[in-house]
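Heads up, the thing below is written out as structure tokens.
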Amino acid sequence: MAVPLSGCSKAIMIVFIIMNLIFLALGITVLGIGAYFVAEDSDYAFLTGSEFASPGALLIVVGCVTFIVTAIGIVGALCKSTILLGIYIICILIVIILEIVAAIIAFVFREDIADEIDDRMVEAVELYRADGATDIDGDVNSAVDFVQGEFDCCGANSALDWPERNPTFTCGNGEAPPLQCICDLGDGCEQFTGTVNCTVEGGVIDVRTYDFNAWNQGCINDTRDALERLGYIVGGIGIAFGIIQIFGVLLALALCCAISNSRKQEVV
């Protein structure tokens, strides 16, 4: 038998259902944004250390959880089930706590994360291979090519990283850094010349020269800024969700109280 609700309680239930329908749509939207960020972040996969420990993957998880929890809340409201509404409240509170913990961890370790990205950018330059061959499934070349092409930068700290940290370009088949580095002399582009010691057959040291035009800015700062921007977007979405989640918990509590009171009045 359906539990009759007063006018005020009905209004709370309607607002709760409408809010969760909007939340459901937002969950699907966040899922799509997360999928986009995963595709975008895959270009940074080697630099971030993992395709899964990324803002995009986090958004996908949040989107899926949001979809499931809001569906439980809507069904609980329509069926006037305090059990389902209780599950909804507990799940939302757990999600809010996890979001706070994640935000604190990200804030406390933000410098360590930035330093790790810097180190991996330098390592990527060292591991890059002109022929595309790599032991890391192409992630190294893909990450470096994307960053240098996207931000008009060269190397980790500067274009000199290529002859100094990866002499295969001067000592091997190539005489210049990857194509994404090369530019016409002008604003932001300069000429780099010098020598590098190459170990040739028999262990003999051969001094070879390099001469190329490349972007005069390294890629570390641009990479950090780009990943920071992704983090800010995720953080902004998380804050917006947190506010709505708190409001949802309050409405669910009010609805549970209204349903319980209506049942008590029926008994009386």
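Quick note on naming: the chains in the structure tokens go A, B, ... in the order shown, residues restart at 1 in each chain, and ligands are numbered from 1 in order of appearance.
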
Can you list, as a PDB file with C-alpha atoms, in the first residue's frame, every protein, DNA or RNA residue that comes within 9 Å of A:Trp162 when you count only C-alpha atoms, leaving out same-chain residues fewer than 5 positions away?
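File around_14.pdb, as written:
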```pdb
ATOM      1  CA  VAL A 125      63.851  12.506 -24.186  1.00  0.00           C
ATOM      2  CA  GLU A 126      66.584  10.030 -23.232  1.00  0.00           C
ATOM      3  CA  CYS A 154      61.821  21.286 -27.841  1.00  0.00           C
ATOM      4  CA  GLY A 155      63.402  18.843 -25.393  1.00  0.00           C
ATOM      5  CA  ALA A 156      62.712  18.728 -21.670  1.00  0.00           C
ATOM      6  CA  PRO A 167      73.130  11.489 -28.822  1.00  0.00           C
ATOM      7  CA  THR A 168      71.559   8.860 -31.107  1.00  0.00           C
ATOM      8  CA  PHE A 169      70.296  11.774 -33.193  1.00  0.00           C
ATOM      9  CA  THR A 170      73.787  13.114 -33.778  1.00  0.00           C
ATOM     10  CA  ALA A 176      68.681  16.890 -35.699  1.00  0.00           C
ATOM     11  CA  PRO A 177      65.951  16.459 -33.065  1.00  0.00           C
ATOM     12  CA  PRO A 178      62.481  15.148 -34.011  1.00  0.00           C
TER      13      PRO A 178
END
```

Within 8 Å of stretch 245-249 of chain A, which residues of stretch 63-110 of chain A show up? Give each one with its shortest atom-to-atom distance in Å (one decimal) and the two atoms involved, counting only C-alpha atoms, rows by chain then rising residue number, as CSV.
```
residue,atom,partner,partner_atom,distance
A:Ile89,CA,A:Val249,CA,5.6
A:Ile92,CA,A:Gln245,CA,6.5
A:Leu93,CA,A:Val249,CA,7.7
A:Ile96,CA,A:Gln245,CA,7.5
```

Atomic separation - atom CA of A:Leu227 relative to atom CA of A:Ile113, Å: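 Separating atom CA of A:Ile113 from atom CA of A:Leu227 is a distance of 10.5 Å.
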
Shortest interatomic distance to A:Thr70 - which of A:Met13, A:Val122, A:Met19, A:Ala35, counting only C-alpha atoms: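 Residue with the minimum atom-to-atom distance to A:Thr70: A:Met19.
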
Shortest interatomic distance to A:Gly235 - which of A:Phe23, A:Phe67, A:Phe107, A:Tyr88, counting only C-alpha atoms: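 Nearest candidate to A:Gly235 out of A:Phe23, A:Phe67, A:Phe107, A:Tyr88: A:Phe107.
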
Within 12 Å of A:Ile87 using only C-alpha atoms, minus same-chain residues under 4 positions, as a list in words: Ile68, Val69, Thr70, Ala71, Ile72, Gly73, Ile74, Val75, Gly76, Ala77, Ser81, Thr82, Ile83, Cys91, Ile92, Leu93, Ile94, Val249, Ala252, Leu253 and Cys256 of chain A

For atom CA of A:Ile117 and atom CA of A:Thr193, the interatomic separation in Å (one decimal): 28.2 Å

Separation of atom CA of A:Ile60 from atom CA of A:Gly149 in Å: 27.5 Å

Backbone DSSP call of strand (DSSP E) for stretch 28-264 of chain A, listed as a ChimeraX atom specification: /A:189-199,205-215

Minimum-distance residue to A:Ser260, chosen among A:Leu85, A:Val15, A:Cys64, A:Arg129 (using only C-alpha atoms): A:Leu85

Exercise: A:Asp118 partners within 10 Å, only C-alpha atoms, chain neighbours under 4 positions left out, as number ranges by chain: A: 47-48, 112-114, 122-124, 156-157, 219-221, 223-224

Nearest residue to A:Val140 from the set A:Met121, A:Ile28, A:Cys183, A:Ala57 (distances using only C-alpha atoms):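 Closest to A:Val140, using only C-alpha atoms: A:Met121.
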
Contacts of A:Thr29 at 8 Å (only C-alpha atoms; same-chain gap of 4+ positions) as number ranges by chain: A: 25, 33, 63
